[in-house]
>>> print(open('run13.txt').read())   # compact mmCIF, C-alpha atoms
# COMPACT_ATOMS: atom_id res chain seq x y z
CA MET G 51 -26.44 96.07 31.85
CA ILE G 52 -29.58 97.43 30.16
CA TYR G 53 -29.74 96.51 26.48
CA LEU G 54 -31.74 98.97 24.37
CA ASP G 55 -30.22 98.41 20.92
CA ASN G 56 -32.74 95.87 19.66
CA SER G 57 -33.06 97.43 16.22
CA ALA G 58 -29.41 96.55 15.66
CA THR G 59 -29.91 92.99 16.84
CA THR G 60 -31.91 91.12 19.46
CA GLU G 61 -30.92 88.55 22.03
CA PRO G 62 -31.93 85.11 20.72
CA ASP G 63 -34.96 83.66 22.47
CA PRO G 64 -34.02 80.55 24.49
CA GLN G 65 -36.74 78.57 22.70
CA VAL G 66 -35.26 79.56 19.34
CA LEU G 67 -31.81 78.47 20.47
CA GLU G 68 -33.22 75.16 21.68
CA THR G 69 -34.87 74.56 18.31
CA PHE G 70 -31.62 75.36 16.50
CA VAL G 71 -29.50 73.07 18.69
CA LYS G 72 -31.93 70.14 18.43
CA ALA G 73 -32.19 70.51 14.67
CA SER G 74 -28.42 70.80 14.31
CA ARG G 75 -27.88 67.56 16.19
CA ARG G 76 -30.59 65.46 14.59
CA TYR G 77 -31.17 67.01 11.16
CA PHE G 78 -27.61 67.81 10.12
CA ALA G 79 -27.84 66.02 6.76
CA ASN G 80 -28.08 67.83 3.45
CA PRO G 81 -31.80 68.12 2.62
CA ALA G 82 -30.99 67.53 -1.05
CA SER G 83 -29.50 64.09 -0.34
CA LEU G 84 -31.52 61.04 -1.36
CA HIS G 85 -30.85 58.90 1.72
CA ARG G 86 -33.05 58.66 4.81
CA LEU G 87 -31.20 61.32 6.78
CA GLY G 88 -31.47 63.71 3.84
CA ASN G 89 -35.18 62.99 3.56
CA GLU G 90 -35.69 63.68 7.26
CA ALA G 91 -33.84 66.98 6.96
CA GLU G 92 -35.93 67.90 3.93
CA ASP G 93 -39.14 67.10 5.83
CA LEU G 94 -38.14 69.48 8.63
CA LEU G 95 -37.14 72.16 6.12
CA GLU G 96 -40.48 71.96 4.34
CA SER G 97 -42.34 71.91 7.65
CA ALA G 98 -40.62 75.17 8.61
CA ARG G 99 -41.41 76.63 5.20
CA SER G 100 -45.08 75.62 5.50
CA GLN G 101 -45.37 77.20 8.94
CA ILE G 102 -43.90 80.47 7.66
CA LYS G 103 -46.21 80.45 4.64
CA ASP G 104 -49.19 80.23 6.97
CA LEU G 105 -47.85 82.93 9.30
CA LEU G 106 -47.03 85.41 6.54
CA GLY G 107 -49.73 84.46 4.06
CA TYR G 108 -47.43 83.72 1.11
CA GLU G 109 -47.21 80.78 -1.25
CA GLN G 110 -43.45 80.90 -1.77
CA ILE G 111 -40.70 81.33 0.82
CA VAL G 112 -37.02 81.50 -0.10
CA PHE G 113 -34.57 81.11 2.78
CA THR G 114 -31.57 83.45 2.65
CA ALA G 115 -28.53 84.34 4.75
CA GLY G 116 -30.32 87.43 6.09
CA GLY G 117 -32.13 90.63 5.21
CA THR G 118 -29.37 92.01 3.00
CA GLU G 119 -29.40 89.00 0.70
CA ALA G 120 -33.20 88.93 0.64
CA ASN G 121 -33.33 92.62 -0.36
CA ASN G 122 -30.75 92.04 -3.08
CA LEU G 123 -32.68 89.05 -4.41
CA ALA G 124 -35.94 91.00 -4.41
CA ILE G 125 -34.55 94.09 -6.15
CA ARG G 126 -32.01 92.68 -8.56
CA GLY G 127 -34.03 89.52 -9.16
CA ALA G 128 -37.16 91.50 -10.04
CA ALA G 129 -35.21 93.97 -12.19
CA TYR G 130 -33.54 91.26 -14.27
CA ALA G 131 -36.70 89.20 -14.66
CA ASN G 132 -38.79 92.18 -15.80
CA ARG G 133 -36.31 94.29 -17.77
CA GLU G 134 -38.14 93.61 -21.03
CA LYS G 135 -41.21 95.34 -19.54
CA GLY G 136 -39.31 98.38 -18.35
CA ARG G 137 -36.20 99.62 -16.58
CA HIS G 138 -37.58 102.12 -14.09
CA ILE G 139 -37.56 101.51 -10.33
CA ILE G 140 -38.89 103.71 -7.51
CA SER G 141 -37.54 103.71 -3.97
CA CYS G 142 -36.82 106.28 -1.25
CA LYS G 143 -33.81 108.27 -0.04
CA THR G 144 -34.09 106.83 3.49
CA GLU G 145 -34.05 103.14 2.60
CA HIS G 146 -31.53 100.75 4.12
CA PRO G 147 -28.15 100.46 2.32
CA SER G 148 -29.05 96.87 1.34
CA VAL G 149 -31.69 98.48 -0.89
CA LEU G 150 -29.86 101.61 -2.00
CA GLU G 151 -26.63 99.84 -2.97
CA PRO G 152 -28.27 97.28 -5.32
CA LEU G 153 -30.16 100.20 -6.88
CA LYS G 154 -26.87 102.01 -7.52
CA GLN G 155 -25.55 98.87 -9.20
CA LEU G 156 -28.66 98.63 -11.36
CA ALA G 157 -28.27 102.30 -12.33
CA ARG G 158 -24.77 101.48 -13.60
CA GLU G 159 -26.35 98.72 -15.68
CA GLY G 160 -28.78 101.06 -17.42
CA PHE G 161 -31.81 101.03 -15.11
CA GLU G 162 -33.34 104.37 -14.13
CA ILE G 163 -33.85 104.89 -10.40
CA THR G 164 -36.19 107.44 -8.80
CA LEU G 165 -35.63 108.05 -5.07
CA LEU G 166 -38.57 109.70 -3.35
CA SER G 167 -37.87 112.54 -0.94
CA VAL G 168 -39.15 112.63 2.64
CA ASP G 169 -40.37 115.35 4.97
CA ARG G 170 -38.93 116.12 8.41
CA THR G 171 -40.70 113.09 9.88
CA GLY G 172 -39.26 110.73 7.27
CA ALA G 173 -42.62 110.32 5.51
CA ILE G 174 -42.95 110.11 1.75
CA ASP G 175 -45.39 112.20 -0.29
CA LEU G 176 -47.91 109.85 -1.87
CA GLU G 177 -48.54 112.36 -4.64
CA GLU G 178 -44.82 112.31 -5.47
CA LEU G 179 -45.06 108.52 -5.70
CA ARG G 180 -48.09 108.83 -7.98
CA GLN G 181 -46.28 111.29 -10.23
CA ALA G 182 -43.16 109.10 -10.34
CA LEU G 183 -45.02 106.06 -11.67
CA ARG G 184 -44.58 105.42 -15.38
CA GLU G 185 -45.60 102.78 -17.85
CA GLU G 186 -42.04 101.38 -17.69
CA THR G 187 -41.93 101.27 -13.85
CA ILE G 188 -41.38 97.64 -12.89
CA LEU G 189 -40.69 97.83 -9.14
CA VAL G 190 -41.43 100.00 -6.12
CA SER G 191 -39.27 99.19 -3.07
CA LEU G 192 -40.21 100.86 0.24
CA MET G 193 -39.46 99.71 3.78
CA GLN G 194 -42.21 99.13 6.33
CA VAL G 195 -40.39 100.77 9.25
CA ASN G 196 -37.35 103.00 8.99
CA ASN G 197 -34.51 101.41 10.90
CA GLU G 198 -33.05 104.69 12.20
CA ILE G 199 -36.02 106.81 13.25
CA GLY G 200 -39.00 104.42 13.15
CA THR G 201 -41.11 106.15 10.49
CA ILE G 202 -43.82 103.81 9.20
CA HIS G 203 -44.58 103.90 5.49
CA PRO G 204 -48.38 103.65 4.89
CA LEU G 205 -48.56 100.37 2.97
CA SER G 206 -52.31 100.52 2.49
CA GLU G 207 -52.13 103.96 0.88
CA ILE G 208 -49.11 102.93 -1.18
CA ARG G 209 -51.06 99.95 -2.47
CA SER G 210 -53.92 102.29 -3.41
CA VAL G 211 -51.56 104.56 -5.34
CA LEU G 212 -50.18 101.60 -7.25
CA GLY G 213 -53.71 100.43 -8.00
CA ARG G 214 -53.65 98.21 -11.06
CA HIS G 215 -50.21 99.32 -12.16
CA ARG G 216 -48.08 96.34 -13.08
CA ALA G 217 -45.14 97.48 -10.94
CA LEU G 218 -44.24 95.02 -8.19
CA LEU G 219 -44.19 96.22 -4.59
CA HIS G 220 -41.25 95.10 -2.46
CA VAL G 221 -41.29 95.86 1.26
CA ASP G 222 -38.26 95.54 3.50
CA ALA G 223 -40.03 94.44 6.70
CA VAL G 224 -36.84 93.76 8.66
CA GLN G 225 -37.76 96.28 11.38
CA GLY G 226 -41.50 95.63 11.31
CA ALA G 227 -41.91 91.86 11.00
CA GLY G 228 -43.37 90.36 14.14
CA LYS G 229 -44.05 93.84 15.56
CA LEU G 230 -46.49 95.48 13.14
CA PRO G 231 -49.14 93.56 11.18
CA ILE G 232 -49.51 93.65 7.40
CA GLY G 233 -53.08 93.21 6.21
CA VAL G 234 -54.17 91.02 3.32
CA GLN G 235 -55.11 94.01 1.14
CA GLU G 236 -51.74 95.72 1.59
CA ARG G 237 -49.60 92.60 1.34
CA PRO G 238 -46.55 93.28 -0.87
CA ASP G 239 -45.51 91.15 -3.81
CA LEU G 240 -42.10 90.70 -2.14
CA LEU G 241 -41.41 90.82 1.59
CA THR G 242 -38.03 90.74 3.37
CA VAL G 243 -37.63 89.32 6.90
CA SER G 244 -34.48 88.96 9.02
CA ALA G 245 -34.39 86.53 11.94
CA HIS G 246 -32.00 88.36 14.26
CA LYS G 247 -34.29 91.40 14.46
CA LEU G 248 -37.02 89.31 16.12
CA HIS G 249 -35.02 87.25 18.63
CA GLY G 250 -33.84 84.74 16.07
CA LEU G 251 -30.36 83.99 14.76
CA LYS G 252 -27.98 86.00 12.62
CA ASN G 253 -27.25 84.94 9.04
CA SER G 254 -30.85 83.82 8.68
CA GLY G 255 -33.62 85.49 6.73
CA LEU G 256 -36.18 85.00 4.01
CA LEU G 257 -37.85 86.53 1.01
CA ALA G 258 -41.59 85.90 0.81
CA ILE G 259 -42.82 85.96 -2.79
CA GLY G 260 -46.33 86.55 -4.06
CA LYS G 261 -47.15 86.97 -7.74
CA ALA G 262 -43.67 87.97 -8.85
CA GLN G 263 -41.16 86.61 -11.30
CA LEU G 264 -37.51 86.74 -10.21
CA GLU G 265 -34.16 85.79 -11.63
CA PRO G 266 -31.65 84.25 -9.22
CA ILE G 267 -28.64 86.31 -8.21
CA LEU G 268 -26.77 83.29 -6.81
CA ARG G 269 -26.35 80.44 -9.27
CA GLY G 270 -25.17 76.94 -8.58
CA GLY G 271 -27.05 73.86 -7.50
CA GLY G 272 -30.51 75.32 -8.03
CA GLN G 273 -31.77 75.02 -4.45
CA GLU G 274 -34.81 76.97 -3.23
CA ASN G 275 -36.74 76.38 -6.43
CA GLY G 276 -33.81 77.69 -8.43
CA LEU G 277 -33.87 81.13 -6.78
CA ARG G 278 -31.12 80.73 -4.19
CA SER G 279 -28.40 78.18 -4.81
CA GLY G 280 -26.43 76.80 -1.88
CA THR G 281 -27.12 74.12 0.71
CA VAL G 282 -30.01 75.30 2.86
CA SER G 283 -29.42 75.44 6.61
CA VAL G 284 -32.26 73.35 7.99
CA PRO G 285 -31.57 74.36 11.63
CA ASN G 286 -31.67 78.04 10.65
CA ALA G 287 -34.96 77.56 8.83
CA ALA G 288 -36.51 75.75 11.79
CA ALA G 289 -35.23 78.43 14.18
CA LEU G 290 -36.60 81.21 11.98
CA ALA G 291 -40.01 79.55 11.89
CA LYS G 292 -39.89 79.32 15.69
CA ALA G 293 -38.94 82.99 16.04
CA LEU G 294 -41.82 84.04 13.81
CA ARG G 295 -44.26 81.88 15.77
CA LEU G 296 -43.15 83.51 19.01
CA ALA G 297 -43.12 87.07 17.65
CA ARG G 298 -46.05 89.32 18.51
CA PRO G 299 -46.79 93.06 18.83
CA MET G 300 -45.95 94.55 22.24
CA PRO G 301 -48.71 97.05 23.18
CA HIS G 302 -46.75 98.27 26.20
CA HIS G 303 -43.97 99.52 23.92
CA LEU G 304 -46.29 102.35 22.89
CA GLU G 305 -46.74 103.37 26.52
CA TRP G 306 -43.02 103.21 27.22
CA ASN G 307 -42.26 105.24 24.11
CA ALA G 308 -44.72 107.93 25.19
CA GLU G 309 -43.27 107.99 28.70
CA LEU G 310 -39.74 108.44 27.37
CA ARG G 311 -40.87 111.20 25.01
CA THR G 312 -42.27 113.11 27.97
CA PHE G 313 -39.08 112.48 29.94
CA PHE G 314 -36.71 113.66 27.18
CA ALA G 315 -38.91 116.70 26.45
CA GLY G 316 -37.77 117.99 29.86
CA TYR G 317 -34.23 118.55 28.52
CA LYS G 318 -33.84 121.84 26.67
CA ASP G 319 -30.91 120.54 24.61
CA ILE G 320 -32.66 117.38 23.35
CA HIS G 321 -34.64 117.11 20.13
CA ILE G 322 -36.85 114.04 19.59
CA VAL G 323 -36.19 112.88 16.04
CA SER G 324 -38.73 110.04 15.70
CA PRO G 325 -42.19 111.22 14.62
CA ALA G 326 -45.07 110.88 17.07
CA ASP G 327 -46.63 108.08 15.02
CA ALA G 328 -43.40 106.11 14.56
CA ALA G 329 -43.07 102.41 15.33
CA PRO G 330 -43.36 102.12 19.12
CA HIS G 331 -40.18 100.10 19.57
CA ILE G 332 -37.89 102.82 18.14
CA LEU G 333 -37.13 106.23 19.64
CA ALA G 334 -34.45 108.39 18.04
CA LEU G 335 -33.33 111.62 19.70
CA ALA G 336 -30.51 114.11 19.35
CA ILE G 337 -28.61 116.19 21.89
CA LYS G 338 -27.53 119.66 20.83
CA GLY G 339 -23.83 120.22 20.30
CA VAL G 340 -22.77 116.73 21.41
CA ARG G 341 -21.69 113.84 19.17
CA GLY G 342 -23.82 110.73 19.33
CA GLU G 343 -20.74 108.62 20.02
CA THR G 344 -20.08 110.68 23.15
CA LEU G 345 -23.58 110.10 24.45
CA VAL G 346 -23.44 106.38 23.62
CA GLY G 347 -20.15 106.11 25.53
CA ALA G 348 -21.49 108.01 28.53
CA LEU G 349 -24.58 105.80 28.68
CA GLN G 350 -22.42 102.70 28.42
CA GLN G 351 -20.48 103.88 31.46
CA GLU G 352 -23.82 103.92 33.25
CA GLY G 353 -24.62 100.40 32.04
CA VAL G 354 -27.03 101.31 29.21
CA ILE G 355 -26.48 100.07 25.65
CA VAL G 356 -27.90 102.15 22.78
CA SER G 357 -26.57 103.04 19.32
CA THR G 358 -25.99 106.04 17.09
CA SER G 359 -28.72 105.96 14.43
CA SER G 360 -28.09 102.80 12.35
CA ALA G 361 -25.64 100.30 13.82
CA CYS G 362 -24.94 99.09 10.27
CA SER G 363 -23.08 102.32 9.54
CA SER G 364 -22.41 103.84 12.95
CA LYS G 365 -18.71 102.94 12.98
CA ASN G 366 -17.96 104.93 9.87
CA LYS G 367 -17.71 108.64 10.48
CA GLN G 368 -20.10 109.69 7.73
CA ALA G 369 -23.36 111.43 8.55
CA SER G 370 -26.43 109.22 8.42
CA HIS G 371 -28.20 109.48 5.06
CA VAL G 372 -31.53 109.32 6.90
CA ILE G 373 -30.67 112.24 9.17
CA GLU G 374 -29.49 114.20 6.13
CA ALA G 375 -32.68 113.40 4.21
CA ILE G 376 -35.05 114.61 6.94
CA GLY G 377 -33.15 117.88 7.27
CA LEU G 378 -32.40 117.68 10.96
CA PRO G 379 -31.02 121.05 12.18
CA ARG G 380 -27.24 121.07 11.93
CA GLU G 381 -26.66 121.64 15.63
CA TYR G 382 -28.36 118.30 16.34
CA ARG G 383 -27.19 116.36 13.30
CA ASP G 384 -24.12 114.75 14.87
CA GLY G 385 -25.81 113.93 18.16
CA THR G 386 -28.45 111.40 17.15
CA ILE G 387 -28.88 108.18 19.09
CA ARG G 388 -31.45 105.39 18.80
CA ILE G 389 -33.17 103.64 21.68
CA SER G 390 -34.95 100.46 20.66
CA PHE G 391 -36.99 97.91 22.59
CA GLY G 392 -37.33 94.16 22.14
CA ALA G 393 -39.51 91.41 23.51
CA MET G 394 -37.14 90.99 26.44
CA THR G 395 -37.15 94.67 27.41
CA THR G 396 -38.87 95.31 30.76
CA TYR G 397 -40.40 98.36 32.37
CA GLU G 398 -37.60 98.23 34.92
CA ASP G 399 -35.21 98.83 32.02
CA ILE G 400 -37.15 101.95 31.05
CA SER G 401 -37.17 103.25 34.61
CA GLU G 402 -33.45 102.66 34.99
CA LEU G 403 -32.75 104.31 31.64
CA LYS G 404 -34.31 107.55 32.89
CA LYS G 405 -32.21 107.52 36.06
CA ARG G 406 -28.98 106.66 34.31
CA PHE G 407 -29.55 109.01 31.39
CA HIS G 408 -29.65 111.96 33.78
CA LYS G 409 -26.23 110.97 35.15
CA ALA G 410 -24.83 110.51 31.63
CA HIS G 411 -26.23 113.88 30.57
CA GLN G 412 -24.60 115.61 33.52
CA LEU G 413 -21.29 113.89 32.72
CA ILE G 414 -21.44 114.95 29.07
CA LYS G 415 -22.24 118.54 29.89
CA GLY G 416 -19.40 118.59 32.41
CA VAL G 417 -16.98 117.24 29.80
CA GLU G 418 -18.23 119.54 27.04
CA THR G 419 -17.92 122.72 29.11
CA THR G 420 -14.43 122.13 30.52
>>> encode(input="run13.txt", output="structure tokens")
Amino acid sequence: MIYLDNSATTEPDPQVLETFVKASRRYFANPASLHRLGNEAEDLLESARSQIKDLLGYEQIVFTAGGTEANNLAIRGAAYANREKGRHIISCKTEHPSVLEPLKQLAREGFEITLLSVDRTGAIDLEELRQALREETILVSLMQVNNEIGTIHPLSEIRSVLGRHRALLHVDAVQGAGKLPIGVQERPDLLTVSAHKLHGLKNSGLLAIGKAQLEPILRGGGQENGLRSGTVSVPNAAALAKALRLARPMPHHLEWNAELRTFFAGYKDIHIVSPADAAPHILALAIKGVRGETLVGALQQEGVIVSTSSACSSKNKQASHVIEAIGLPREYRDGTIRISFGAMTTYEDISELKKRFHKAHQLIKGVETT
């Protein structure tokens, strides 16, 4: 079985699993407890937090149950904390649902939301962003890497557009963390990371906070400096720190991506959806006149696992909002699939994909023409 659905989730690294198991056995106590076991658990928790601070370059790290919660905390928390300064927020039509849905909720509560359009490559127009900024704009939320087609938002240029504007910049880095660097000058005020996208564990994530004031969206015991109530999972925090330490860019992904682009260009009925300068670990393509689910099923029969656009919404039958936003030609719109690499992907996987894809393509065309 060749697994090429790493943007949906990654296989946990054995070292991450080992860290989690060891921490679960030894540091199971509540880190808020006053006894010795609680103190030991707290020490490990703060050690993990300190390591992540150093890796990401932030002074405050809030552990969450994943990227969705972190995005909600960033967006709703920033909106509520800054509503006296303004009620205008800017985002983009192709953001992840964990960004778009909180924005819809805020709109119902009286906030004004501007969603930037994108071109056929999924890129925003920086001039549109500049024109959208107002005195009452309090937050700009834009992802680093699009989860469906791999488009990279230019964080450095976005920072330049914002200039000295008081609006906070939140970046959903779920698909980019550990794969693409973020420089000091372009560092966002709020940064979302999810562990299971970088060979960590599910239900584990974080929000890195710079100079930003937030209101909590979960209230209770006041854990995580009052921003995220609920007993913190020390093993998850330690495992996340381990996953981030192990994560690194994979230069060979760029070569593999280019090789696959050349390969798929040989099929007259295939359109490559991902832009040429997309994140190297994501390649989206569409086959003319064939549903993506059909192609996914045919590849699975050949022992290759991929997904249709975003796995978060692939099981509902609605068209992808990203594919709609980029204006993909209608004859390709239902046939989009996403191939995505991880740290455990090998060149042998890429070679086998090409062989098995040809068989799957022949099968599909046979089925479609009968």
>>> residues_around(input="run13.txt", residues="segment 208-211 of chain G", least_positions_apart="5", cutoff="10 Å", atoms="all atoms listed in the file", output="MDAnalysis selection string")
chainID G and resid 174 176:177 179:181 183 190 192 203 219 235:238
>>> atom_distance(input="run13.txt", atom1="atom CA of Thr118 of chain G", atom2="atom CA of Ala287 of chain G")
16.6 Å
>>> closest_residue(input="run13.txt", among="G:Ala115, G:Ala328, G:Ile199, G:Leu403", to="Leu378 of chain G", atoms="only C-alpha atoms")
G:Ile199
>>> residues_around(input="run13.txt", residues="Glu151 of chain G", least_positions_apart="5", cutoff="9 Å", atoms="all atoms listed in the file", output="list of chain:residue names")
G:Asn122, G:His146, G:Leu156
>>> closest_residue(input="run13.txt", among="G:Val282, G:Ala291, G:Leu189, G:Asn56", to="Ser97 of chain G", atoms="all atoms listed in the file")
G:Ala291
>>> atom_distance(input="run13.txt", atom1="atom CA of Ala173 of chain G", atom2="atom CA of Met193 of chain G")
11.2 Å
>>> residues_around(input="run13.txt", residues="segment 357-359 of chain G", least_positions_apart="5", cutoff="6 Å", atoms="all atoms listed in the file", output="list in words")
Glu198, Gly342, Ser364, Thr386, Ile387 and Arg388 of chain G
>>> closest_residue(input="run13.txt", among="G:Arg383, G:Asn307, G:Gly280, G:Thr187", to="Ile320 of chain G", atoms="all atoms listed in the file")
G:Arg383
>>> atom_distance(input="run13.txt", atom1="atom CA of Leu153 of chain G", atom2="atom CA of Ile188 of chain G")
13.0 Å
>>> closest_atom_pairs(input="run13.txt", of="segment 279-346 of chain G", to="segment 75-80 of chain G", cutoff="9 Å", atoms="only C-alpha atoms", output="CSV")
residue,atom,partner,partner_atom,distance
G:Thr281,CA,G:Asn80,CA,6.9
G:Val282,CA,G:Asn80,CA,7.7
G:Ser283,CA,G:Asn80,CA,8.3
G:Val284,CA,G:Tyr77,CA,7.2
G:Pro285,CA,G:Tyr77,CA,7.4
>>> write_last_selection(input="run13.txt", atoms="C-alpha atoms", output="PDB file, in the frame of the given file")
ATOM      1  CA  THR G 281     -27.120  74.120   0.710  1.00  0.00           C
ATOM      2  CA  VAL G 282     -30.010  75.300   2.860  1.00  0.00           C
ATOM      3  CA  SER G 283     -29.420  75.440   6.610  1.00  0.00           C
ATOM      4  CA  VAL G 284     -32.260  73.350   7.990  1.00  0.00           C
ATOM      5  CA  PRO G 285     -31.570  74.360  11.630  1.00  0.00           C
TER       6      PRO G 285
END
>>> closest_residue(input="run13.txt", among="G:Lys103, G:His220, G:Lys247, G:Arg158", to="Glu61 of chain G", atoms="all atoms listed in the file")
G:Lys247
>>> closest_residue(input="run13.txt", among="G:Ala217, G:Ala182, G:Cys142, G:Leu106", to="Leu166 of chain G", atoms="all atoms listed in the file")
G:Cys142
>>> closest_residue(input="run13.txt", among="G:Ala410, G:Ala375, G:Ile355, G:Val224", to="Tyr53 of chain G", atoms="only C-alpha atoms")
G:Ile355
>>> residues_around(input="run13.txt", residues="Glu185 of chain G", least_positions_apart="5", cutoff="12 Å", atoms="all atoms listed in the file", output="list of chain:residue names")
G:Lys135, G:Gly136, G:Arg137, G:His138, G:Ile139, G:Arg180, G:Leu212, G:Arg214, G:His215, G:Arg216, G:Ala217
>>> closest_atom_pairs(input="run13.txt", of="segment 324-414 of chain G", to="segment 299-304 of chain G", cutoff="8 Å", atoms="only C-alpha atoms", output="tab-separated table")
residue	atom	partner	partner_atom	distance
G:Pro330	CA	G:Leu304	CA	4.8
G:His331	CA	G:His303	CA	5.8
G:Phe391	CA	G:His303	CA	7.3
G:Ala393	CA	G:Met300	CA	7.3
>>> residues_around(input="run13.txt", residues="Ala245 of chain G", least_positions_apart="4", cutoff="7 Å", atoms="all atoms listed in the file", output="list in words")
His249, Gly250, Leu251, Lys252, Ser254, Gly255 and Leu290 of chain G
>>> decode(input="run13.txt", residues="segment 210-224 of chain G", atoms="N, CA, C and O atoms", output="PDB file, in the first residue's frame")
ATOM      1  N   SER G 210       4.227  43.407   4.431  1.00  0.00           N
ATOM      2  CA  SER G 210       4.544  44.737   3.902  1.00  0.00           C
ATOM      3  C   SER G 210       3.283  45.546   3.653  1.00  0.00           C
ATOM      4  O   SER G 210       3.236  46.754   3.924  1.00  0.00           O
ATOM      5  N   VAL G 211       2.246  44.886   3.145  1.00  0.00           N
ATOM      6  CA  VAL G 211       0.978  45.570   2.910  1.00  0.00           C
ATOM      7  C   VAL G 211       0.382  46.058   4.222  1.00  0.00           C
ATOM      8  O   VAL G 211      -0.109  47.190   4.321  1.00  0.00           O
ATOM      9  N   LEU G 212       0.450  45.211   5.238  1.00  0.00           N
ATOM     10  CA  LEU G 212      -0.093  45.610   6.539  1.00  0.00           C
ATOM     11  C   LEU G 212       0.702  46.753   7.142  1.00  0.00           C
ATOM     12  O   LEU G 212       0.146  47.619   7.820  1.00  0.00           O
ATOM     13  N   GLY G 213       2.023  46.744   6.891  1.00  0.00           N
ATOM     14  CA  GLY G 213       2.862  47.829   7.384  1.00  0.00           C
ATOM     15  C   GLY G 213       2.677  48.087   8.862  1.00  0.00           C
ATOM     16  O   GLY G 213       2.783  47.178   9.677  1.00  0.00           O
ATOM     17  N   ARG G 214       2.329  49.329   9.190  1.00  0.00           N
ATOM     18  CA  ARG G 214       2.126  49.690  10.593  1.00  0.00           C
ATOM     19  C   ARG G 214       0.659  49.673  10.996  1.00  0.00           C
ATOM     20  O   ARG G 214       0.295  50.190  12.055  1.00  0.00           O
ATOM     21  N   HIS G 215      -0.164  49.097  10.139  1.00  0.00           N
ATOM     22  CA  HIS G 215      -1.582  48.986  10.492  1.00  0.00           C
ATOM     23  C   HIS G 215      -1.717  48.141  11.753  1.00  0.00           C
ATOM     24  O   HIS G 215      -0.991  47.177  11.953  1.00  0.00           O
ATOM     25  N   ARG G 216      -2.665  48.503  12.587  1.00  0.00           N
ATOM     26  CA  ARG G 216      -2.807  47.824  13.878  1.00  0.00           C
ATOM     27  C   ARG G 216      -3.463  46.446  13.771  1.00  0.00           C
ATOM     28  O   ARG G 216      -3.516  45.703  14.755  1.00  0.00           O
ATOM     29  N   ALA G 217      -3.975  46.100  12.600  1.00  0.00           N
ATOM     30  CA  ALA G 217      -4.626  44.792  12.437  1.00  0.00           C
ATOM     31  C   ALA G 217      -3.648  43.666  12.738  1.00  0.00           C
ATOM     32  O   ALA G 217      -2.491  43.680  12.314  1.00  0.00           O
ATOM     33  N   LEU G 218      -4.116  42.669  13.478  1.00  0.00           N
ATOM     34  CA  LEU G 218      -3.317  41.485  13.759  1.00  0.00           C
ATOM     35  C   LEU G 218      -3.292  40.577  12.529  1.00  0.00           C
ATOM     36  O   LEU G 218      -4.251  40.528  11.756  1.00  0.00           O
ATOM     37  N   LEU G 219      -2.201  39.849  12.364  1.00  0.00           N
ATOM     38  CA  LEU G 219      -2.094  38.872  11.290  1.00  0.00           C
ATOM     39  C   LEU G 219      -2.098  37.471  11.895  1.00  0.00           C
ATOM     40  O   LEU G 219      -1.223  37.119  12.676  1.00  0.00           O
ATOM     41  N   HIS G 220      -3.107  36.695  11.517  1.00  0.00           N
ATOM     42  CA  HIS G 220      -3.184  35.290  11.917  1.00  0.00           C
ATOM     43  C   HIS G 220      -2.893  34.427  10.701  1.00  0.00           C
ATOM     44  O   HIS G 220      -3.441  34.665   9.616  1.00  0.00           O
ATOM     45  N   VAL G 221      -2.029  33.438  10.867  1.00  0.00           N
ATOM     46  CA  VAL G 221      -1.696  32.521   9.788  1.00  0.00           C
ATOM     47  C   VAL G 221      -1.967  31.090  10.235  1.00  0.00           C
ATOM     48  O   VAL G 221      -1.437  30.627  11.248  1.00  0.00           O
ATOM     49  N   ASP G 222      -2.826  30.426   9.479  1.00  0.00           N
ATOM     50  CA  ASP G 222      -3.068  28.996   9.657  1.00  0.00           C
ATOM     51  C   ASP G 222      -1.916  28.279   8.948  1.00  0.00           C
ATOM     52  O   ASP G 222      -1.884  28.177   7.725  1.00  0.00           O
ATOM     53  N   ALA G 223      -0.959  27.782   9.735  1.00  0.00           N
ATOM     54  CA  ALA G 223       0.226  27.123   9.178  1.00  0.00           C
ATOM     55  C   ALA G 223       0.126  25.607   9.271  1.00  0.00           C
ATOM     56  O   ALA G 223       1.155  24.926   9.266  1.00  0.00           O
ATOM     57  N   VAL G 224      -1.091  25.091   9.338  1.00  0.00           N
ATOM     58  CA  VAL G 224      -1.293  23.648   9.506  1.00  0.00           C
ATOM     59  C   VAL G 224      -0.606  22.858   8.391  1.00  0.00           C
ATOM     60  O   VAL G 224       0.032  21.833   8.643  1.00  0.00           O
TER      61      VAL G 224
END
